[in-house]
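Visitor: Contents of start21.tsv (TSV, C-alpha atoms) are given next:
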chain	number	residue	atom	x	y	z
A	23	GLU	CA	-29.86	56.65	120.84
A	24	VAL	CA	-32.75	55.93	118.50
A	25	HIS	CA	-35.39	53.72	120.07
A	26	LEU	CA	-38.57	52.35	118.48
A	27	VAL	CA	-40.88	50.22	120.61
A	28	GLU	CA	-43.97	48.59	119.12
A	29	SER	CA	-46.96	47.44	121.13
A	30	GLY	CA	-50.55	46.38	120.63
A	31	GLY	CA	-50.11	43.03	118.94
A	32	GLY	CA	-52.00	39.93	119.95
A	33	LEU	CA	-54.50	37.29	118.92
A	34	VAL	CA	-57.55	38.52	117.01
A	35	GLN	CA	-60.32	36.73	115.16
A	36	PRO	CA	-60.74	37.06	111.39
A	37	GLY	CA	-62.69	40.20	110.64
A	38	GLY	CA	-61.52	41.85	113.83
A	39	SER	CA	-59.53	45.00	114.47
A	40	LEU	CA	-56.34	45.93	116.24
A	41	ARG	CA	-54.33	49.11	116.72
A	42	LEU	CA	-50.56	48.96	116.84
A	43	SER	CA	-48.46	51.70	118.39
A	44	CYS	CA	-44.80	52.57	117.99
A	45	ALA	CA	-43.22	54.80	120.63
A	46	ALA	CA	-40.22	56.69	119.31
A	47	SER	CA	-37.39	58.29	121.24
A	48	GLY	CA	-33.84	59.53	120.76
A	49	PHE	CA	-34.45	61.49	117.57
A	50	ALA	CA	-36.60	64.24	116.07
A	51	PHE	CA	-39.66	62.11	115.39
A	52	SER	CA	-41.68	64.98	113.95
A	53	TYR	CA	-39.15	65.39	111.13
A	54	SER	CA	-38.97	61.71	110.18
A	55	TRP	CA	-40.89	59.70	107.63
A	56	MET	CA	-41.91	56.30	108.98
A	57	TYR	CA	-42.87	52.86	107.65
A	58	TRP	CA	-44.73	49.86	108.92
A	59	VAL	CA	-43.22	46.61	107.65
A	60	ARG	CA	-44.39	43.08	108.40
A	61	GLN	CA	-42.62	39.74	108.39
A	62	SER	CA	-44.20	36.32	108.14
A	63	PRO	CA	-42.58	32.92	107.55
A	64	GLY	CA	-44.23	32.35	104.21
A	65	ARG	CA	-43.97	35.84	102.76
A	66	GLY	CA	-40.78	37.28	104.23
A	67	LEU	CA	-40.53	41.01	104.80
A	68	VAL	CA	-43.19	43.15	103.17
A	69	TRP	CA	-43.64	46.91	103.27
A	70	VAL	CA	-47.11	47.78	104.57
A	71	SER	CA	-47.42	51.55	104.76
A	72	HIS	CA	-45.60	54.87	104.81
A	73	ILE	CA	-46.35	58.25	106.34
A	74	ASN	CA	-44.55	61.54	105.88
A	75	SER	CA	-43.32	63.73	108.71
A	76	ASP	CA	-46.50	65.71	109.38
A	77	GLY	CA	-48.92	62.94	108.48
A	78	SER	CA	-50.30	64.68	105.41
A	79	ALA	CA	-49.20	61.95	102.99
A	80	THR	CA	-49.66	58.21	103.33
A	81	THR	CA	-49.33	55.20	101.05
A	82	TYR	CA	-50.28	51.55	101.44
A	83	ALA	CA	-49.51	48.18	99.97
A	84	ASP	CA	-52.35	46.93	97.79
A	85	SER	CA	-52.88	44.01	100.18
A	86	VAL	CA	-53.92	46.32	103.04
A	87	LYS	CA	-55.38	49.33	101.21
A	88	GLY	CA	-58.81	50.19	102.55
A	89	ARG	CA	-58.33	48.05	105.67
A	90	PHE	CA	-55.30	49.59	107.40
A	91	THR	CA	-54.73	53.22	108.37
A	92	ILE	CA	-51.37	54.69	109.33
A	93	SER	CA	-51.25	57.81	111.48
A	94	ARG	CA	-48.98	59.62	113.89
A	95	ASP	CA	-49.10	61.92	116.88
A	96	ASN	CA	-45.95	64.05	116.79
A	97	ALA	CA	-46.75	65.56	120.19
A	98	LYS	CA	-46.59	62.05	121.67
A	99	ASN	CA	-43.75	60.81	119.43
A	100	THR	CA	-45.95	57.88	118.47
A	101	LEU	CA	-46.77	56.11	115.21
A	102	TYR	CA	-49.93	54.05	114.80
A	103	LEU	CA	-51.36	51.39	112.54
A	104	GLN	CA	-55.10	50.82	112.76
A	105	MET	CA	-55.91	47.43	111.28
A	106	SER	CA	-59.44	46.29	110.50
A	107	SER	CA	-61.13	43.46	108.60
A	108	LEU	CA	-58.16	41.33	109.54
A	109	ARG	CA	-57.46	38.15	107.62
A	110	ALA	CA	-55.38	35.07	108.37
A	111	GLU	CA	-52.79	36.27	105.88
A	112	ASP	CA	-52.23	39.41	107.98
A	113	THR	CA	-50.61	37.22	110.63
A	114	ALA	CA	-47.05	38.50	111.00
A	115	VAL	CA	-44.59	40.36	113.15
A	116	TYR	CA	-45.16	44.05	112.54
A	117	TYR	CA	-42.21	46.44	112.69
A	118	CYS	CA	-42.12	50.20	112.67
A	119	ALA	CA	-39.10	51.66	110.94
A	120	ARG	CA	-37.56	55.09	110.48
A	121	VAL	CA	-36.80	56.30	106.96
A	122	THR	CA	-33.43	57.89	106.25
A	123	THR	CA	-33.20	61.60	105.50
A	124	SER	CA	-31.72	60.71	102.11
A	125	GLY	CA	-35.00	59.05	101.28
A	126	TRP	CA	-36.81	55.74	101.11
A	127	GLN	CA	-34.29	53.55	102.94
A	128	ILE	CA	-34.69	52.37	106.52
A	129	ASP	CA	-32.06	53.18	109.11
A	130	TYR	CA	-33.72	52.02	112.34
A	131	TRP	CA	-36.23	49.29	113.19
A	132	GLY	CA	-38.19	48.43	116.27
A	133	GLN	CA	-38.19	44.89	117.65
A	134	GLY	CA	-41.65	44.15	116.33
A	135	THR	CA	-45.01	43.06	117.71
A	136	LEU	CA	-46.72	39.80	116.76
A	137	VAL	CA	-50.21	39.87	115.29
A	138	THR	CA	-51.99	36.54	114.98
A	139	VAL	CA	-55.30	36.37	113.13
A	140	SER	CA	-57.04	33.13	113.93
A	141	SER	CA	-60.35	31.78	115.16
B	2	GLN	CA	-42.14	34.86	97.71
B	3	SER	CA	-39.87	37.87	98.24
B	4	ALA	CA	-39.34	40.52	95.59
B	5	LEU	CA	-35.54	40.31	95.81
B	6	THR	CA	-33.77	36.96	95.61
B	7	GLN	CA	-31.12	35.95	98.13
B	8	PRO	CA	-29.54	32.58	98.84
B	9	ALA	CA	-31.19	30.89	101.80
B	10	SER	CA	-27.89	30.20	103.53
B	11	VAL	CA	-24.16	30.73	103.32
B	12	SER	CA	-21.36	29.61	105.57
B	13	GLY	CA	-17.72	30.32	106.18
B	14	SER	CA	-14.94	29.73	108.66
B	15	PRO	CA	-13.55	32.40	110.96
B	16	GLY	CA	-11.22	34.72	109.08
B	17	GLN	CA	-12.66	33.88	105.68
B	18	SER	CA	-14.72	36.15	103.44
B	19	ILE	CA	-18.23	35.47	102.22
B	20	THR	CA	-20.50	37.23	99.75
B	21	ILE	CA	-24.28	37.33	99.78
B	22	SER	CA	-26.11	38.25	96.58
B	23	CYS	CA	-29.38	40.10	96.21
B	24	THR	CA	-30.95	39.89	92.77
B	25	GLY	CA	-33.73	42.19	91.67
B	26	THR	CA	-34.84	43.72	88.40
B	27	SER	CA	-34.39	46.85	86.31
B	28	SER	CA	-37.25	48.37	88.31
B	29	ASP	CA	-35.46	48.23	91.64
B	30	VAL	CA	-31.84	47.19	92.23
B	31	GLY	CA	-30.87	47.86	88.63
B	32	ARG	CA	-32.38	51.33	88.51
B	33	TYR	CA	-31.71	52.90	91.90
B	34	ASN	CA	-28.79	53.16	94.29
B	35	TYR	CA	-31.15	52.90	97.26
B	36	VAL	CA	-29.94	49.43	98.22
B	37	SER	CA	-29.52	48.59	101.90
B	38	TRP	CA	-28.35	45.60	103.88
B	39	PHE	CA	-29.44	44.62	107.38
B	40	GLN	CA	-28.16	42.20	109.99
B	41	GLN	CA	-30.63	40.50	112.31
B	42	HIS	CA	-29.74	38.33	115.28
B	43	PRO	CA	-32.51	36.06	116.66
B	44	GLY	CA	-35.05	38.00	118.64
B	45	LYS	CA	-33.39	41.32	117.90
B	46	ALA	CA	-34.35	44.27	115.73
B	47	PRO	CA	-32.73	44.40	112.29
B	48	LYS	CA	-29.63	46.60	112.18
B	49	LEU	CA	-28.55	48.68	109.18
B	50	ILE	CA	-25.05	47.78	108.01
B	51	ILE	CA	-24.98	49.17	104.45
B	52	SER	CA	-27.03	51.90	102.75
B	53	ASP	CA	-26.91	53.52	99.32
B	54	VAL	CA	-25.32	50.33	97.91
B	55	ASN	CA	-21.96	50.76	99.63
B	56	LYS	CA	-22.11	53.26	102.51
B	57	ARG	CA	-21.46	52.09	106.06
B	58	PRO	CA	-23.24	53.89	108.91
B	59	SER	CA	-21.13	55.18	111.73
B	60	GLY	CA	-19.97	52.35	113.98
B	61	ILE	CA	-20.24	49.58	111.40
B	62	SER	CA	-17.03	47.63	110.88
B	63	ASP	CA	-15.17	48.08	107.60
B	64	ARG	CA	-15.28	44.29	107.31
B	65	PHE	CA	-18.72	44.86	105.79
B	66	SER	CA	-18.85	46.17	102.24
B	67	GLY	CA	-21.48	46.50	99.54
B	68	SER	CA	-21.48	46.66	95.77
B	69	LYS	CA	-23.81	46.45	92.81
B	70	SER	CA	-23.61	45.22	89.25
B	71	GLY	CA	-26.64	45.42	87.02
B	72	ASN	CA	-29.66	43.99	88.82
B	73	THR	CA	-27.61	42.30	91.53
B	74	ALA	CA	-26.30	43.82	94.74
B	75	SER	CA	-23.80	42.06	96.96
B	76	LEU	CA	-22.73	42.16	100.59
B	77	THR	CA	-19.23	40.98	101.42
B	78	ILE	CA	-18.11	40.21	104.94
B	79	SER	CA	-14.38	39.79	105.32
B	80	GLY	CA	-12.48	38.37	108.27
B	81	LEU	CA	-15.52	36.41	109.46
B	82	GLN	CA	-16.10	36.43	113.21
B	83	ALA	CA	-18.37	34.30	115.35
B	84	GLU	CA	-20.59	37.30	116.13
B	85	ASP	CA	-21.30	37.74	112.40
B	86	GLU	CA	-23.54	34.66	112.54
B	87	ALA	CA	-26.99	36.10	111.88
B	88	ASP	CA	-29.63	36.61	109.21
B	89	TYR	CA	-28.88	39.19	106.52
B	90	PHE	CA	-31.39	40.76	104.19
B	91	CYS	CA	-31.33	43.38	101.48
B	92	SER	CA	-33.79	46.05	100.47
B	93	SER	CA	-34.24	48.37	97.52
B	94	TYR	CA	-36.39	51.26	96.43
B	95	THR	CA	-38.63	50.31	93.55
B	96	THR	CA	-40.79	52.05	91.01
B	97	SER	CA	-43.96	50.48	92.39
B	98	ARG	CA	-43.53	50.98	96.14
B	99	PRO	CA	-41.10	52.59	98.57
B	100	VAL	CA	-39.20	49.46	99.47
B	101	VAL	CA	-38.92	45.77	98.67
B	102	PHE	CA	-36.95	43.17	100.55
B	103	GLY	CA	-34.97	40.04	99.97
B	104	GLY	CA	-35.97	36.79	101.59
B	105	GLY	CA	-32.99	36.80	103.90
B	106	THR	CA	-29.80	34.74	104.11
B	107	LYS	CA	-28.73	32.79	107.17
B	108	LEU	CA	-24.98	33.10	107.72
B	109	THR	CA	-23.34	30.29	109.64
B	110	VAL	CA	-19.82	30.74	110.95
B	111	LEU	CA	-18.34	27.24	111.07
With the file now loaded, output its structure as structure tokens.

Guide:
Amino acid sequence: EVHLVESGGGLVQPGGSLRLSCAASGFAFSYSWMYWVRQSPGRGLVWVSHINSDGSATTYADSVKGRFTISRDNAKNTLYLQMSSLRAEDTAVYYCARVTTSGWQIDYWGQGTLVTVSS
Amino acid sequence: QSALTQPASVSGSPGQSITISCTGTSSDVGRYNYVSWFQQHPGKAPKLIISDVNKRPSGISDRFSGSKSGNTASLTISGLQAEDEADYFCSSYTTSRPVVFGGGTKLTVL
């Protein structure tokens, strides 16, 4: 059974940094593209970043470009999101999600981790 | 403000059918068949119920069906059951980014 478990969320001050992790199990992680998606009450669900199977290709939403970095460790079956220069508008539940083999669509989500940016 | 437009809420009685719409543009829903629907119960991870506009993953009841016309995709749930009460949201591939989402629709089973 596919399992995605996020961790690393919490309260951080504006301008601070945080690293999220997503532990994957139950599937061939090293062959899967992955997304980070966030959800906040005012903005709904928003795609944040994508990474291909070997980590050689990444893309970002304009709102996080230059501040967030997606990466993965296929030996540890773990996806990461390094977030820096955090702003209040980054406050959200962050989900990792697996991309289908047919491309671009999500077939599995984690349960999410809450990031709160506030002083 | 979400990229895809869904009604905030719908309701129906047990046994009835309901339809949830998901309206996008010619750059997303209207152009690609990469439309998905998800069900999310409170505190739970979203669950894929429809992909590629109208394909059900293994284990998903045939009471769930999807369709698309122009820039609008639709999810129909027939034979409503109490356990169908949840939030539902759509997603689509788009020319400008890998995926955009609807704002979500809260289904109430009366």

Visitor: Output as number ranges by chain the set of chain B residues within 9 Å of chain A, with distances taken over only C-alpha atoms.

Guide: B: 2-4, 35-37, 44-50, 52-53, 58, 92-94, 98-105

Visitor: For Ile73 in chain A, please output as JSON, numbers by chain all residues within 12 Å (counting only C-alpha atoms; exclusion window: fewer than 3 positions along the same chain).

Guide: {"A": [51, 52, 53, 54, 55, 56, 57, 58, 70, 76, 77, 78, 79, 80, 81, 82, 91, 92, 93, 94, 95, 96, 101, 102, 103, 118, 119, 120, 121, 126], "B": [99]}

Visitor: In terms of the shortest atom-to-atom distance over only C-alpha atoms, which of A:Ser62, A:Asn99, A:Ser85, A:Ser75 is closest to Ala45 in chain A?

Guide: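 Under the stated criterion, the closest residue is A:Asn99.
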
Visitor: Please measure the separation of CA of Ser79 in chain B and CA of Tyr33 in chain B, giving the value in Å to one decimal.

Guide: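 These atoms are spaced 25.5 Å apart.
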
Visitor: What is the CA of Ser22 in chain B-CA of Tyr89 in chain B distance in Å, reported with one decimal?

Guide: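 CA of Ser22 in chain B sits 10.4 Å away from CA of Tyr89 in chain B.
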
Visitor: Given the choices A:Val115, A:Gly31, A:Arg109, A:His25, which gets closest to Ala50 in chain A if the distance is worked out from all atoms listed in the file?

Guide: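 The shortest atom-to-atom distance to Ala50 in chain A comes from A:His25.
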
Visitor: Work out how far CA of Thr113 in chain A is from CA of Phe90 in chain B, in Å to one decimal.

Guide: 20.6 Å

Visitor: Within 7 Å of Val110 in chain B, counting all atoms listed in the file, which residues show up once you throw out same-chain ones fewer than 3 positions away? Write them as an NGL selection string, please.

Guide: :B and (12-15 or 83 or 86)

Visitor: Ranking A:Val86, A:Leu136, A:Ala110, A:Ala97 by minimum distance to Gln35 in chain A and counting only C-alpha atoms, which one comes first?

Guide: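 Under the stated criterion, the closest residue is A:Ala110.
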
Visitor: Write out as JSON an axis-aligned box for range 65-76 of chain A: all of its atoms listed in the file, 8 Å added on each side, centre and edge lengths in Å with one decimal.

Guide:
{"center_x": -44.0, "center_y": 50.8, "center_z": 106.1, "size_x": 22.9, "size_y": 45.9, "size_z": 22.6}

Visitor: With all atoms listed in the file as the atoms that count, which of A:Asn74, A:Gln104, A:Ser47, A:Thr135 lies nearest to Arg60 in chain A?

Guide: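 Smallest distance to Arg60 in chain A is found for A:Thr135.
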
Visitor: Here is a test: counting all atoms listed in the file, which residue of B:Arg64, B:Gly71, B:Ile51, B:Glu84 is nearest to Leu111 in chain B?

Guide: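 Closest candidate: B:Glu84.
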
Visitor: Could you list, as a short mmCIF file (atom, residue, chain, number, x, y, z; two decimals) with C-alpha atoms, in the coordinates of the input, every residue within 7 Å of Ser10 in chain B, counting all atoms listed in the file and ignoring same-chain residues fewer than 4 positions away?

Guide:
data_model
loop_
_atom_site.label_atom_id
_atom_site.label_comp_id
_atom_site.auth_asym_id
_atom_site.auth_seq_id
_atom_site.Cartn_x
_atom_site.Cartn_y
_atom_site.Cartn_z
CA THR B 106 -29.80 34.74 104.11
CA LYS B 107 -28.73 32.79 107.17
CA LEU B 108 -24.98 33.10 107.72
#

Visitor: Just want the 9 Å neighbourhood of Val54 in chain B, counted on only C-alpha atoms, with same-chain residues fewer than 6 positions away dropped. Output as a list in words.

Guide: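 So, after excluding close chain neighbours, the residues are Asn34, Tyr35, Val36, Ser37, Trp38, Ser66, Gly67, Ser68, Lys69, Ala74, Ser75 and Leu76 of chain B.
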
Visitor: Show me the residues close to (-58.4, 41.0, 110.7) - anything with an atom within 12 Å, counting all atoms listed in the file - and format the list as a ChimeraX atom specification.

Guide: /A:31-41,86,89-90,104-114,137-141

Visitor: Measuring between only C-alpha atoms, which one of B:Gln17, B:Thr6, B:Thr109, B:Ser59 shows the shortest distance to Asp85 in chain B?

Guide: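 That would be B:Thr109, the residue with the smallest distance to Asp85 in chain B.
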
Visitor: Would you fill the gaps in range 42-64 of chain A so it has N, CA, C and O atoms, then print it as an mmCIF file, keeping the file's coordinate frame?

Guide:
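Output (selection.cif):
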data_model
loop_
_atom_site.group_PDB
_atom_site.id
_atom_site.type_symbol
_atom_site.label_atom_id
_atom_site.label_comp_id
_atom_site.auth_asym_id
_atom_site.auth_seq_id
_atom_site.Cartn_x
_atom_site.Cartn_y
_atom_site.Cartn_z
ATOM 1 N N LEU A 42 -51.956 49.046 116.422
ATOM 2 C CA LEU A 42 -50.560 48.960 116.840
ATOM 3 C C LEU A 42 -50.038 50.364 117.108
ATOM 4 O O LEU A 42 -50.433 51.332 116.454
ATOM 5 N N SER A 43 -49.128 50.446 118.080
ATOM 6 C CA SER A 43 -48.460 51.700 118.390
ATOM 7 C C SER A 43 -46.950 51.509 118.308
ATOM 8 O O SER A 43 -46.443 50.395 118.492
ATOM 9 N N CYS A 44 -46.258 52.583 118.039
ATOM 10 C CA CYS A 44 -44.800 52.570 117.990
ATOM 11 C C CYS A 44 -44.307 53.838 118.684
ATOM 12 O O CYS A 44 -44.485 54.945 118.160
ATOM 13 N N ALA A 45 -43.736 53.666 119.865
ATOM 14 C CA ALA A 45 -43.220 54.800 120.630
ATOM 15 C C ALA A 45 -41.786 55.076 120.209
ATOM 16 O O ALA A 45 -40.941 54.178 120.245
ATOM 17 N N ALA A 46 -41.541 56.313 119.814
ATOM 18 C CA ALA A 46 -40.220 56.690 119.310
ATOM 19 C C ALA A 46 -39.508 57.593 120.300
ATOM 20 O O ALA A 46 -40.129 58.425 120.968
ATOM 21 N N SER A 47 -38.192 57.426 120.384
ATOM 22 C CA SER A 47 -37.390 58.290 121.240
ATOM 23 C C SER A 47 -35.973 58.371 120.700
ATOM 24 O O SER A 47 -35.552 57.532 119.891
ATOM 25 N N GLY A 48 -35.239 59.407 121.135
ATOM 26 C CA GLY A 48 -33.840 59.530 120.760
ATOM 27 C C GLY A 48 -33.582 60.237 119.453
ATOM 28 O O GLY A 48 -32.432 60.303 119.015
ATOM 29 N N PHE A 49 -34.639 60.747 118.825
ATOM 30 C CA PHE A 49 -34.450 61.490 117.570
ATOM 31 C C PHE A 49 -35.653 62.414 117.360
ATOM 32 O O PHE A 49 -36.645 62.337 118.078
ATOM 33 N N ALA A 50 -35.532 63.277 116.365
ATOM 34 C CA ALA A 50 -36.600 64.240 116.070
ATOM 35 C C ALA A 50 -37.704 63.543 115.280
ATOM 36 O O ALA A 50 -37.740 63.597 114.041
ATOM 37 N N PHE A 51 -38.593 62.908 116.013
ATOM 38 C CA PHE A 51 -39.660 62.110 115.390
ATOM 39 C C PHE A 51 -40.488 62.944 114.418
ATOM 40 O O PHE A 51 -40.848 62.467 113.342
ATOM 41 N N SER A 52 -40.779 64.167 114.765
ATOM 42 C CA SER A 52 -41.680 64.980 113.950
ATOM 43 C C SER A 52 -41.091 65.365 112.597
ATOM 44 O O SER A 52 -41.806 65.870 111.733
ATOM 45 N N TYR A 53 -39.796 65.103 112.410
ATOM 46 C CA TYR A 53 -39.150 65.390 111.130
ATOM 47 C C TYR A 53 -38.940 64.129 110.289
ATOM 48 O O TYR A 53 -38.427 64.209 109.173
ATOM 49 N N SER A 54 -39.300 62.988 110.825
ATOM 50 C CA SER A 54 -38.970 61.710 110.180
ATOM 51 C C SER A 54 -40.158 61.075 109.482
ATOM 52 O O SER A 54 -41.254 61.007 110.042
ATOM 53 N N TRP A 55 -39.931 60.591 108.270
ATOM 54 C CA TRP A 55 -40.890 59.700 107.630
ATOM 55 C C TRP A 55 -40.783 58.335 108.324
ATOM 56 O O TRP A 55 -39.715 57.959 108.814
ATOM 57 N N MET A 56 -41.881 57.595 108.306
ATOM 58 C CA MET A 56 -41.910 56.300 108.980
ATOM 59 C C MET A 56 -42.605 55.256 108.114
ATOM 60 O O MET A 56 -43.464 55.588 107.283
ATOM 61 N N TYR A 57 -42.220 53.997 108.309
ATOM 62 C CA TYR A 57 -42.870 52.860 107.650
ATOM 63 C C TYR A 57 -43.417 51.899 108.696
ATOM 64 O O TYR A 57 -42.895 51.797 109.812
ATOM 65 N N TRP A 58 -44.407 51.118 108.286
ATOM 66 C CA TRP A 58 -44.730 49.860 108.920
ATOM 67 C C TRP A 58 -44.334 48.757 107.925
ATOM 68 O O TRP A 58 -44.637 48.855 106.727
ATOM 69 N N VAL A 59 -43.660 47.749 108.439
ATOM 70 C CA VAL A 59 -43.220 46.610 107.650
ATOM 71 C C VAL A 59 -43.616 45.351 108.406
ATOM 72 O O VAL A 59 -43.539 45.331 109.639
ATOM 73 N N ARG A 60 -44.041 44.323 107.707
ATOM 74 C CA ARG A 60 -44.390 43.080 108.400
ATOM 75 C C ARG A 60 -43.561 41.924 107.865
ATOM 76 O O ARG A 60 -43.087 41.932 106.729
ATOM 77 N N GLN A 61 -43.441 40.903 108.712
ATOM 78 C CA GLN A 61 -42.620 39.740 108.390
ATOM 79 C C GLN A 61 -43.351 38.478 108.806
ATOM 80 O O GLN A 61 -43.698 38.309 109.967
ATOM 81 N N SER A 62 -43.575 37.609 107.850
ATOM 82 C CA SER A 62 -44.200 36.320 108.140
ATOM 83 C C SER A 62 -43.371 35.222 107.510
ATOM 84 O O SER A 62 -42.664 35.465 106.524
ATOM 85 N N PRO A 63 -43.440 34.006 108.056
ATOM 86 C CA PRO A 63 -42.580 32.920 107.550
ATOM 87 C C PRO A 63 -42.787 32.639 106.063
ATOM 88 O O PRO A 63 -41.833 32.398 105.349
ATOM 89 N N GLY A 64 -43.976 32.706 105.600
ATOM 90 C CA GLY A 64 -44.230 32.350 104.210
ATOM 91 C C GLY A 64 -43.991 33.456 103.207
ATOM 92 O O GLY A 64 -43.764 33.203 102.031
#
